[in-house]
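Here the structure is laid out as structure tokens; the discussion comes afterwards.
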Amino acid sequence: MNSITARRRHPLARYAVLLLALSLLGGVYALLAPGGDRADAAIASGRADDVAAGKELFAAHCASCHGLNAEGTYSSGGASGPSLIGVGAAAVDFQVSSGRMPLSDPGPQAPRKRTPEWVNQDAIRQLAAYVQSLGGGPTKPSAEMVDPTKGDAAKGGELFRANCIQCHNFVGSGGGLTYGKYAPPLNPASPTQIYEAMVTGPQAMPVFNDSTITPEQKRDMIAYIVSVRNQPDPGGSGLGRIGPVTEGLVAWVVGISLLVLAAIWITAKKRQANHD
Amino acid sequence: MSLDSAPKAIAGPANFIDERIGAGSFLKRNLRKVFPDHWSFLLGEIALYSFVILLLTGTFLTFWFKPSMGEVTYNGSYGPLVGVHMSEAYASSLNISFDVRGGLLMRQIHHWAALLFVAGMMVHMLRVFFTGAYRKPRELNWIIGVLLLNLALLEGLTGYSLPDDLLSGAGLRITEGVLISLPLVGTYATFFLFGGEYPGHDVISRFYSIHILLIPGILLALITAHLILMWVQKHTQMPGKGRTEQNVVGAPFYPSFMAKSGAYFLFTFGVLALLGTFAQINPIWLFGPYTPADISAGSQPDFYMGFLEGSLRLMPSWEINFLGYTLPLSVLIPALLPLGIVMTGLALYPFAEQWITGDRREHHIADRPRNNPHRTAIGMAAITFYGLLWLLGANDWISAKFHISLYTTTNVGRVLIIAGPAIAYFVAYRMCIGLQRHDQDVLSHGVESGVIKRMPSGEYIEVHVPPAEDIAAHVRGKEPIPAIEAAPDSDGVPPKGMRGPLGRLRAKLSETYSTDTEAISLDEGHNGHGAPHAAVGAGEDETKSIGH
């Protein structure tokens, strides 16, 4: 008791109390806050007819832009969307699982974002089944087709450099395109999404179909992308892995600034003449 | 034995050597050489010490680097490239990075040192420019400096290309594009450099000889000349108490300046080691080997070449086709014009300034940037021009990271590259004038003391005290900017040499350049106050009474 009394006026005491209060508050909130994984019971149980359930989801979430029968709509200025007949289940899975669709507001390009609450594995499967039923198209790849451990990263790297880096940058950090479009970074994309992007060509991306790049080659590319993004940077901080732009920034902001400070410090030290 | 005499074992041989080579008097004279003290005088040493570290780390790298474009299959430690065909140069660079002990650290320190070498030169050059330290008798040393900067850019370009990775290949391709676009000699020059069709098999080994032998040799010779000239001509000093054009006030080389300089080498080395350890630079394993068919988004050169990249990106696609020959202005202009403007402008500036001001005197006291507003404004306009080009060399990242349309960045850049320097000129000029007025204010009204005093009338004033002695001396070091005599004589005839159009231009430029502002004088007695300022005036009276 004495030690607390003695130390409660310590200069750091107020910070310690603040830290304690904050961690208490955070801990209580984490315990009481509602969980984020409330499965939508209706969809989870309704496996009877994916196409029918998908049609309902489509009417609720997609039809305002893509039309009630996915035939597409066009209005100058307002919301409009392309026809989805023939885009295939892979396109639906890519767009919805990455949060790009449903679009929150029309623009040059749909950004990757957090998926809305109604989106889960079952909802995506049902939507995909509905769109697939309209006119076929590429389907979602199996887990084995996108397994990075089964691909050859070195071969994939050569294909990646030949086909992808002119937009996505040499390690998939992304890059700018014209008219407000951009090649997004590949780091958040799952192996399945990378595969689906190649076969469906979303947004500004061209389609790399199976006769251009075989499914095995696609798996090699996925193996390269995943292995490079997971590898640590042996030289220290990767500086965003975008090359000389950040390196130049660091050379000036860190290097030159530190040396200027050092110069100021050194010259501020005056010789103490005739002192003691 | 007294403390003043050396022990016999040392004094004997020392005398023997001294009597034969006369080093004693040389050292005595030079070790006591006085160096003025100001932090900005150390900036050039960033470049000097980076150069030393570049030589050391570069030598280490040559032990393992193989400057050959012969094709090999990689079989080293880096998994994602095993089995890939590549040049021996790239494979040996990977080898240095992953299989040579300490190799990656050395590579990274070498590359960071290269960036700090050029950046150090730039900040040093800006210091010399803005303080007018390039004036007579130092014009030649200034020209050596400009040569050093150009050589450093070339040295950087050749070194950047050596690892033969995909990113450096993009730079090499642009180099080829610029070379081949030269009228008449372009194709011949390209075939000469590359030994045939691009990329050929020779360019890496040729760049290697240039990078490790030719340019470092010239750099070393010029840096030595630069330092000897600086030593002989003595360093400039900032204006201040007791400092004149005839003396140098500071600390002697030995021991004071030598200790500071030595410490600064260690600081430079420390910062480079820090960067080399904690910040990854030029990760060639991520870029992959060079093939002319591949190109990556976000391909940028090192920062010092960024302004050329930017000018290339800004340039509209103009070309002239004449009698079956193409003159690709879209490559020629961005490659040669900004470089020409910046480097020629730098080299000629001391002579242009002499011509305009007619000032042929020697100057050993540096100007404070504010005291020559037009020079400072021209410098800021040049920095803006260079800086905008440099910034727009990364316009794809600006576009991607800040969600601005790429074409917007290009179009805005095209306008700014013309308007920006003009705005910078005006703003810098006005700031210089404002700072001069502030100086005048400090001298004539003193500085705020933080003491509030209530007058018998009830009025509150803040007491002002005179500025510290050294600050006042520093401020009073301002010299008027000289101008040529161009006024017509009593018969209305201008002086000789001022009568032609060139003479009239010179007279006009001289008049403008020397115009500080009429209102400013640094005399203490301030007359010409329109309305008497009660608070400050009363404060000055106070100054006298509390001045002790």
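Labeling convention for the structure tokens: chains A, B, ... as they appear, residues from 1 per chain, ligands from 1 in order of appearance.
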
Excluding range 103-120 of chain A and residues on its chain fewer than 5 positions from it, collect all residues at most 6 Å away from it, counting only C-alpha atoms, and give them as a PDB file with N, CA and C atoms, in the first residue's frame.
ATOM      1  N   SER A  98     -14.527 -10.674 -54.022  1.00  0.00           N
ATOM      2  CA  SER A  98     -13.535  -9.628 -53.758  1.00  0.00           C
ATOM      3  C   SER A  98     -14.199  -8.309 -53.366  1.00  0.00           C
ATOM      4  N   GLY A 180      -8.424   7.035 -65.201  1.00  0.00           N
ATOM      5  CA  GLY A 180      -8.849   6.706 -63.841  1.00  0.00           C
ATOM      6  C   GLY A 180      -8.845   5.224 -63.521  1.00  0.00           C
ATOM      7  N   LYS A 181      -8.511   4.395 -64.515  1.00  0.00           N
ATOM      8  CA  LYS A 181      -8.430   2.959 -64.205  1.00  0.00           C
ATOM      9  C   LYS A 181      -7.058   2.663 -63.623  1.00  0.00           C
TER      10      LYS A 181
END

Next item on the list: Within 9 Å of Ile204 in chain B, counting only C-alpha atoms, which residues show up once you throw out same-chain ones fewer than 3 positions away? Write them as a PyMOL selection string, please.
Entry: chain B and resi 67-69+89+158+161-164+194+201+207-209

Output all heavy atoms for every residue in that selection, as a compact mmCIF listing (two decimals), in the first residue's frame.
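New file result-v5.txt:
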# COMPACT_ATOMS: atom_id res chain seq x y z
N PRO B 67 31.01 -9.41 -65.59
CA PRO B 67 30.40 -8.50 -66.56
C PRO B 67 30.23 -9.16 -67.92
O PRO B 67 30.84 -8.74 -68.90
CB PRO B 67 31.39 -7.34 -66.62
CG PRO B 67 32.70 -7.97 -66.33
CD PRO B 67 32.44 -9.10 -65.38
N SER B 68 29.41 -10.20 -67.99
CA SER B 68 29.27 -10.92 -69.25
C SER B 68 27.79 -11.11 -69.57
O SER B 68 26.97 -11.30 -68.68
CB SER B 68 29.95 -12.29 -69.12
OG SER B 68 29.36 -13.20 -70.01
N MET B 69 27.47 -11.03 -70.85
CA MET B 69 26.08 -11.25 -71.26
C MET B 69 25.87 -12.67 -71.76
O MET B 69 24.86 -12.98 -72.38
CB MET B 69 25.68 -10.23 -72.32
CG MET B 69 25.66 -8.80 -71.76
SD MET B 69 25.40 -7.58 -73.02
CE MET B 69 23.61 -7.50 -73.06
N ALA B 89 25.93 -11.79 -65.98
CA ALA B 89 25.97 -10.59 -65.13
C ALA B 89 24.86 -10.67 -64.09
O ALA B 89 25.09 -10.45 -62.89
CB ALA B 89 25.82 -9.33 -65.97
N THR B 158 25.53 3.97 -65.70
CA THR B 158 26.24 2.76 -66.10
C THR B 158 26.17 1.71 -64.99
O THR B 158 25.98 0.52 -65.28
CB THR B 158 27.72 3.06 -66.43
OG1 THR B 158 28.26 3.85 -65.38
CG2 THR B 158 27.85 3.81 -67.74
N SER B 161 22.86 -0.13 -64.77
CA SER B 161 22.60 -1.09 -65.85
C SER B 161 23.34 -2.40 -65.66
O SER B 161 22.98 -3.41 -66.27
CB SER B 161 23.01 -0.49 -67.20
OG SER B 161 22.32 0.70 -67.43
N LEU B 162 24.40 -2.42 -64.85
CA LEU B 162 25.27 -3.59 -64.79
C LEU B 162 24.59 -4.89 -64.37
O LEU B 162 24.85 -5.92 -64.98
CB LEU B 162 26.48 -3.31 -63.87
CG LEU B 162 27.55 -2.40 -64.46
CD1 LEU B 162 28.70 -2.26 -63.50
CD2 LEU B 162 28.05 -2.92 -65.80
N PRO B 163 23.73 -4.91 -63.35
CA PRO B 163 23.17 -6.21 -62.94
C PRO B 163 22.31 -6.85 -64.02
O PRO B 163 21.97 -8.02 -63.90
CB PRO B 163 22.33 -5.88 -61.70
CG PRO B 163 22.82 -4.57 -61.22
CD PRO B 163 23.28 -3.84 -62.43
N ASP B 164 21.95 -6.13 -65.07
CA ASP B 164 21.22 -6.69 -66.21
C ASP B 164 19.88 -7.29 -65.78
O ASP B 164 19.45 -8.32 -66.29
CB ASP B 164 22.07 -7.76 -66.91
CG ASP B 164 21.60 -7.98 -68.35
OD1 ASP B 164 21.01 -7.06 -68.92
OD2 ASP B 164 21.81 -9.09 -68.89
N PHE B 194 26.50 -0.59 -78.65
CA PHE B 194 25.98 -1.92 -78.33
C PHE B 194 26.68 -3.02 -79.11
O PHE B 194 26.36 -4.18 -78.96
CB PHE B 194 24.47 -1.97 -78.56
CG PHE B 194 23.70 -1.13 -77.58
CD1 PHE B 194 23.37 0.18 -77.86
CD2 PHE B 194 23.33 -1.66 -76.36
CE1 PHE B 194 22.68 0.95 -76.96
CE2 PHE B 194 22.63 -0.90 -75.45
CZ PHE B 194 22.31 0.42 -75.74
N HIS B 201 25.79 -8.16 -77.30
CA HIS B 201 26.47 -8.95 -76.28
C HIS B 201 27.59 -8.18 -75.60
O HIS B 201 28.35 -8.75 -74.85
CB HIS B 201 27.04 -10.23 -76.91
CG HIS B 201 25.98 -11.14 -77.42
ND1 HIS B 201 25.23 -11.95 -76.59
CD2 HIS B 201 25.49 -11.33 -78.66
CE1 HIS B 201 24.34 -12.61 -77.30
NE2 HIS B 201 24.48 -12.25 -78.57
N PHE B 207 30.03 -1.09 -70.31
CA PHE B 207 29.60 -0.25 -69.19
C PHE B 207 30.44 -0.55 -67.95
O PHE B 207 30.72 0.34 -67.15
CB PHE B 207 28.11 -0.49 -68.88
CG PHE B 207 27.19 0.39 -69.69
CD1 PHE B 207 27.65 1.05 -70.82
CD2 PHE B 207 25.86 0.57 -69.33
CE1 PHE B 207 26.81 1.86 -71.57
CE2 PHE B 207 25.01 1.38 -70.06
CZ PHE B 207 25.49 2.02 -71.18
N TYR B 208 30.84 -1.81 -67.81
CA TYR B 208 31.63 -2.21 -66.65
C TYR B 208 32.97 -1.45 -66.65
O TYR B 208 33.35 -0.87 -65.64
CB TYR B 208 31.86 -3.72 -66.70
CG TYR B 208 32.55 -4.30 -65.49
CD1 TYR B 208 31.96 -4.23 -64.24
CD2 TYR B 208 33.79 -4.92 -65.61
CE1 TYR B 208 32.57 -4.78 -63.13
CE2 TYR B 208 34.41 -5.48 -64.50
CZ TYR B 208 33.80 -5.41 -63.27
OH TYR B 208 34.41 -5.95 -62.16
N SER B 209 33.65 -1.46 -67.80
CA SER B 209 34.93 -0.74 -67.87
C SER B 209 34.72 0.74 -67.58
O SER B 209 35.50 1.37 -66.85
CB SER B 209 35.56 -0.86 -69.26
OG SER B 209 35.70 -2.20 -69.58

Item checked: Selection near range 174-180 of chain B, 7 Å with only C-alpha atoms, sequence-local residues under 5 positions removed, as a ChimeraX atom specification -> /B:186-187,189-190,331-332,335

Next item on the list: Based on DSSP run over this structure's backbone, return all residues of range 326-512 of chain B in strand (DSSP E), as a PyMOL selection string.
Entry: chain B and resi 326-327+447-454+460-465

For the residues selected in the previous step, produce a file with all heavy atoms as a tab-separated table (two decimals), in the first residue's frame.
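To be explicit, this is the file written out as part.tsv:
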chain	number	residue	atom	x	y	z
B	326	THR	N	13.24	10.41	-90.21
B	326	THR	CA	12.39	10.80	-89.09
B	326	THR	C	13.22	11.50	-88.03
B	326	THR	O	14.29	11.01	-87.68
B	326	THR	CB	11.71	9.55	-88.47
B	326	THR	OG1	10.99	8.90	-89.50
B	326	THR	CG2	10.77	9.96	-87.36
B	327	LEU	N	12.69	12.63	-87.59
B	327	LEU	CA	13.34	13.33	-86.48
B	327	LEU	C	12.39	13.21	-85.28
B	327	LEU	O	11.39	13.92	-85.19
B	327	LEU	CB	13.56	14.80	-86.85
B	327	LEU	CG	14.51	15.57	-85.95
B	327	LEU	CD1	15.90	14.97	-85.95
B	327	LEU	CD2	14.59	17.02	-86.38
B	447	VAL	N	14.52	43.26	-30.78
B	447	VAL	CA	13.71	42.04	-30.74
B	447	VAL	C	12.82	42.07	-29.51
B	447	VAL	O	13.14	42.70	-28.51
B	447	VAL	CB	14.58	40.78	-30.74
B	447	VAL	CG1	15.27	40.61	-32.08
B	447	VAL	CG2	15.61	40.84	-29.63
B	448	GLU	N	11.72	41.33	-29.61
B	448	GLU	CA	10.78	41.31	-28.50
B	448	GLU	C	11.43	40.67	-27.28
B	448	GLU	O	12.07	39.64	-27.38
B	448	GLU	CB	9.54	40.50	-28.90
B	448	GLU	CG	8.73	41.17	-29.98
B	448	GLU	CD	7.84	40.18	-30.72
B	448	GLU	OE1	7.89	38.98	-30.41
B	448	GLU	OE2	7.11	40.62	-31.61
B	449	SER	N	11.24	41.31	-26.13
B	449	SER	CA	11.90	40.80	-24.94
B	449	SER	C	10.98	39.92	-24.11
B	449	SER	O	11.42	39.22	-23.21
B	449	SER	CB	12.36	41.96	-24.07
B	449	SER	OG	11.23	42.68	-23.63
B	450	GLY	N	9.70	39.94	-24.40
B	450	GLY	CA	8.76	39.18	-23.59
B	450	GLY	C	8.34	39.92	-22.33
B	450	GLY	O	7.57	39.41	-21.54
B	451	VAL	N	8.87	41.14	-22.15
B	451	VAL	CA	8.51	41.94	-20.96
B	451	VAL	C	7.43	42.93	-21.35
B	451	VAL	O	7.61	43.74	-22.24
B	451	VAL	CB	9.75	42.69	-20.43
B	451	VAL	CG1	9.35	43.56	-19.25
B	451	VAL	CG2	10.83	41.70	-20.04
B	452	ILE	N	6.27	42.84	-20.67
B	452	ILE	CA	5.19	43.77	-20.95
B	452	ILE	C	5.23	44.87	-19.88
B	452	ILE	O	5.37	44.58	-18.69
B	452	ILE	CB	3.82	43.06	-20.89
B	452	ILE	CG1	3.81	41.86	-21.82
B	452	ILE	CG2	2.69	44.02	-21.20
B	452	ILE	CD1	3.80	42.19	-23.27
B	453	LYS	N	5.12	46.06	-20.33
B	453	LYS	CA	5.25	47.16	-19.37
B	453	LYS	C	4.02	48.06	-19.47
B	453	LYS	O	3.51	48.30	-20.56
B	453	LYS	CB	6.50	47.96	-19.72
B	453	LYS	CG	6.88	48.96	-18.66
B	453	LYS	CD	8.25	49.53	-18.94
B	453	LYS	CE	8.43	50.71	-18.03
B	453	LYS	NZ	9.66	50.72	-17.32
B	454	ARG	N	3.56	48.51	-18.31
B	454	ARG	CA	2.43	49.41	-18.32
B	454	ARG	C	2.93	50.84	-18.15
B	454	ARG	O	3.69	51.15	-17.24
B	454	ARG	CB	1.48	49.09	-17.17
B	454	ARG	CG	0.20	49.86	-17.30
B	454	ARG	CD	-0.79	49.44	-16.25
B	454	ARG	NE	-2.00	50.21	-16.40
B	454	ARG	CZ	-2.95	50.26	-15.49
B	454	ARG	NH1	-2.82	49.58	-14.38
B	454	ARG	NH2	-4.03	50.98	-15.70
B	460	TYR	N	-0.20	49.61	-22.51
B	460	TYR	CA	0.73	48.49	-22.36
B	460	TYR	C	1.65	48.44	-23.58
B	460	TYR	O	1.20	48.58	-24.71
B	460	TYR	CB	-0.03	47.16	-22.27
B	460	TYR	CG	-0.72	46.98	-20.95
B	460	TYR	CD1	-2.05	47.31	-20.78
B	460	TYR	CD2	-0.01	46.45	-19.86
B	460	TYR	CE1	-2.69	47.15	-19.57
B	460	TYR	CE2	-0.64	46.27	-18.65
B	460	TYR	CZ	-1.98	46.62	-18.50
B	460	TYR	OH	-2.59	46.44	-17.30
B	461	ILE	N	2.91	48.24	-23.33
B	461	ILE	CA	3.84	48.05	-24.45
B	461	ILE	C	4.71	46.84	-24.16
B	461	ILE	O	4.88	46.44	-23.00
B	461	ILE	CB	4.75	49.28	-24.66
B	461	ILE	CG1	5.55	49.53	-23.39
B	461	ILE	CG2	3.98	50.49	-25.11
B	461	ILE	CD1	6.81	50.32	-23.64
B	462	GLU	N	5.25	46.24	-25.23
B	462	GLU	CA	6.24	45.19	-25.02
B	462	GLU	C	7.62	45.81	-25.19
B	462	GLU	O	7.88	46.51	-26.16
B	462	GLU	CB	6.08	44.05	-26.01
B	462	GLU	CG	7.12	42.97	-25.75
B	462	GLU	CD	6.89	41.71	-26.55
B	462	GLU	OE1	6.02	41.74	-27.43
B	462	GLU	OE2	7.60	40.73	-26.30
B	463	VAL	N	8.49	45.55	-24.24
B	463	VAL	CA	9.83	46.13	-24.29
B	463	VAL	C	10.65	45.40	-25.35
B	463	VAL	O	10.66	44.17	-25.40
B	463	VAL	CB	10.51	45.99	-22.92
B	463	VAL	CG1	11.91	46.56	-22.98
B	463	VAL	CG2	9.67	46.69	-21.87
B	464	HIS	N	11.29	46.17	-26.21
B	464	HIS	CA	12.19	45.59	-27.21
B	464	HIS	C	13.63	45.80	-26.79
B	464	HIS	O	13.97	46.85	-26.27
B	464	HIS	CB	11.95	46.23	-28.58
B	464	HIS	CG	10.74	45.67	-29.27
B	464	HIS	ND1	9.49	45.68	-28.70
B	464	HIS	CD2	10.61	45.08	-30.49
B	464	HIS	CE1	8.63	45.12	-29.53
B	464	HIS	NE2	9.28	44.74	-30.62
B	465	VAL	N	14.46	44.80	-27.02
B	465	VAL	CA	15.88	44.93	-26.69
B	465	VAL	C	16.69	44.80	-27.97
B	465	VAL	O	16.22	44.19	-28.93
B	465	VAL	CB	16.33	43.86	-25.67
B	465	VAL	CG1	15.61	44.07	-24.36
B	465	VAL	CG2	16.07	42.47	-26.22

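By chain and then residue number, the residues within 6 Å of Val51 in chain A are Gly54, Gln126, Ala129 and Tyr130 of chain A, counting only C-alpha atoms and disregarding those fewer than 3 positions away in sequence.
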
Margin query: Show me, as a ChimeraX atom specification, the residues of chain A whose atoms get within 8 Å of chain B, using only C-alpha atoms for the distance check.
Written below: /A:153-155,157-158,161-162,165-171,174-182,224,227-228,233-239,242-245,247-248,251-252,255-256,258-260,262-264,266-268,271

Margin query: Neighbouring residues of Gly503 in chain B were defined as those with any atom within 12 Å, considering only C-alpha atoms; residues of the same chain fewer than 5 positions away were excluded. Please report them as a list in words.
Written below: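 Returned residues: Trp355, Ile356, Ile484, Glu485, Ala486, Ala487, Pro494, Pro495, Lys496, Gly497, Met498, Lys508, Leu509 and Ser510 of chain B.
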
Check: Mind pulling up the distance from CA of Ile471 in chain B to CA of Thr512 in chain B?
Finding: 29.0 Å

Notebook entry, point to check: Do you know which residues are at most 9 Å from Leu84 in chain A counting only C-alpha atoms, after dropping those on the same chain fewer than 2 positions away, and could you put them as a ChimeraX atom specification?
Noted result: /A:66,69-72,81-82,86-88,131,134-135

Next, the residues of the selection above should be written as an mmCIF file, in the first residue's frame with N, CA and C atoms.
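Dumped everything to result-v5.cif:
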data_model
loop_
_atom_site.group_PDB
_atom_site.id
_atom_site.type_symbol
_atom_site.label_atom_id
_atom_site.label_comp_id
_atom_site.auth_asym_id
_atom_site.auth_seq_id
_atom_site.Cartn_x
_atom_site.Cartn_y
_atom_site.Cartn_z
ATOM 1 N N HIS A 66 -27.864 -4.490 -63.555
ATOM 2 C CA HIS A 66 -27.675 -5.498 -64.607
ATOM 3 C C HIS A 66 -29.003 -5.944 -65.241
ATOM 4 N N ASN A 69 -33.283 -9.682 -65.741
ATOM 5 C CA ASN A 69 -32.888 -10.972 -66.302
ATOM 6 C C ASN A 69 -31.419 -10.986 -66.694
ATOM 7 N N ALA A 70 -30.594 -10.106 -66.053
ATOM 8 C CA ALA A 70 -29.148 -10.013 -66.305
ATOM 9 C C ALA A 70 -28.852 -9.609 -67.740
ATOM 10 N N GLU A 71 -29.840 -8.943 -68.380
ATOM 11 C CA GLU A 71 -29.629 -8.572 -69.772
ATOM 12 C C GLU A 71 -28.823 -7.269 -69.893
ATOM 13 N N GLY A 72 -28.559 -6.601 -68.757
ATOM 14 C CA GLY A 72 -27.799 -5.356 -68.782
ATOM 15 C C GLY A 72 -28.713 -4.163 -68.962
ATOM 16 N N GLY A 81 -25.260 -1.240 -66.213
ATOM 17 C CA GLY A 81 -24.362 -2.373 -66.046
ATOM 18 C C GLY A 81 -24.408 -3.251 -67.271
ATOM 19 N N PRO A 82 -23.325 -3.983 -67.525
ATOM 20 C CA PRO A 82 -23.301 -4.825 -68.727
ATOM 21 C C PRO A 82 -24.165 -6.082 -68.556
ATOM 22 N N GLY A 86 -23.504 -15.273 -70.114
ATOM 23 C CA GLY A 86 -22.287 -15.851 -70.686
ATOM 24 C C GLY A 86 -21.018 -15.481 -69.955
ATOM 25 N N VAL A 87 -21.085 -14.655 -68.906
ATOM 26 C CA VAL A 87 -19.848 -14.310 -68.209
ATOM 27 C C VAL A 87 -19.372 -15.454 -67.319
ATOM 28 N N GLY A 88 -20.281 -16.306 -66.920
ATOM 29 C CA GLY A 88 -19.888 -17.500 -66.187
ATOM 30 C C GLY A 88 -19.811 -17.322 -64.693
ATOM 31 N N VAL A 131 -26.234 -17.232 -62.648
ATOM 32 C CA VAL A 131 -25.620 -16.585 -63.813
ATOM 33 C C VAL A 131 -25.108 -17.634 -64.788
ATOM 34 N N LEU A 134 -27.638 -18.972 -67.151
ATOM 35 C CA LEU A 134 -28.169 -18.078 -68.188
ATOM 36 C C LEU A 134 -27.501 -18.306 -69.537
ATOM 37 N N GLY A 135 -26.202 -18.583 -69.527
ATOM 38 C CA GLY A 135 -25.540 -18.726 -70.825
ATOM 39 C C GLY A 135 -24.171 -19.343 -70.746
#

Notebook entry, point to check: So which residues of range 391-538 of chain B fall under alpha helix (DSSP H) by DSSP, listed as a PyMOL selection string?
Noted result: chain B and resi 391-392+395-402+406-445+469-476+501-514+534-538

Next item on the list: Just the residues within 7 Å of range 217-220 of chain A, please, counting only C-alpha atoms, with nothing from its chain fewer than 3 positions along; format it as a ChimeraX atom specification.
Entry: /A:145-148,151-153,155-156,195,213-214,223-224
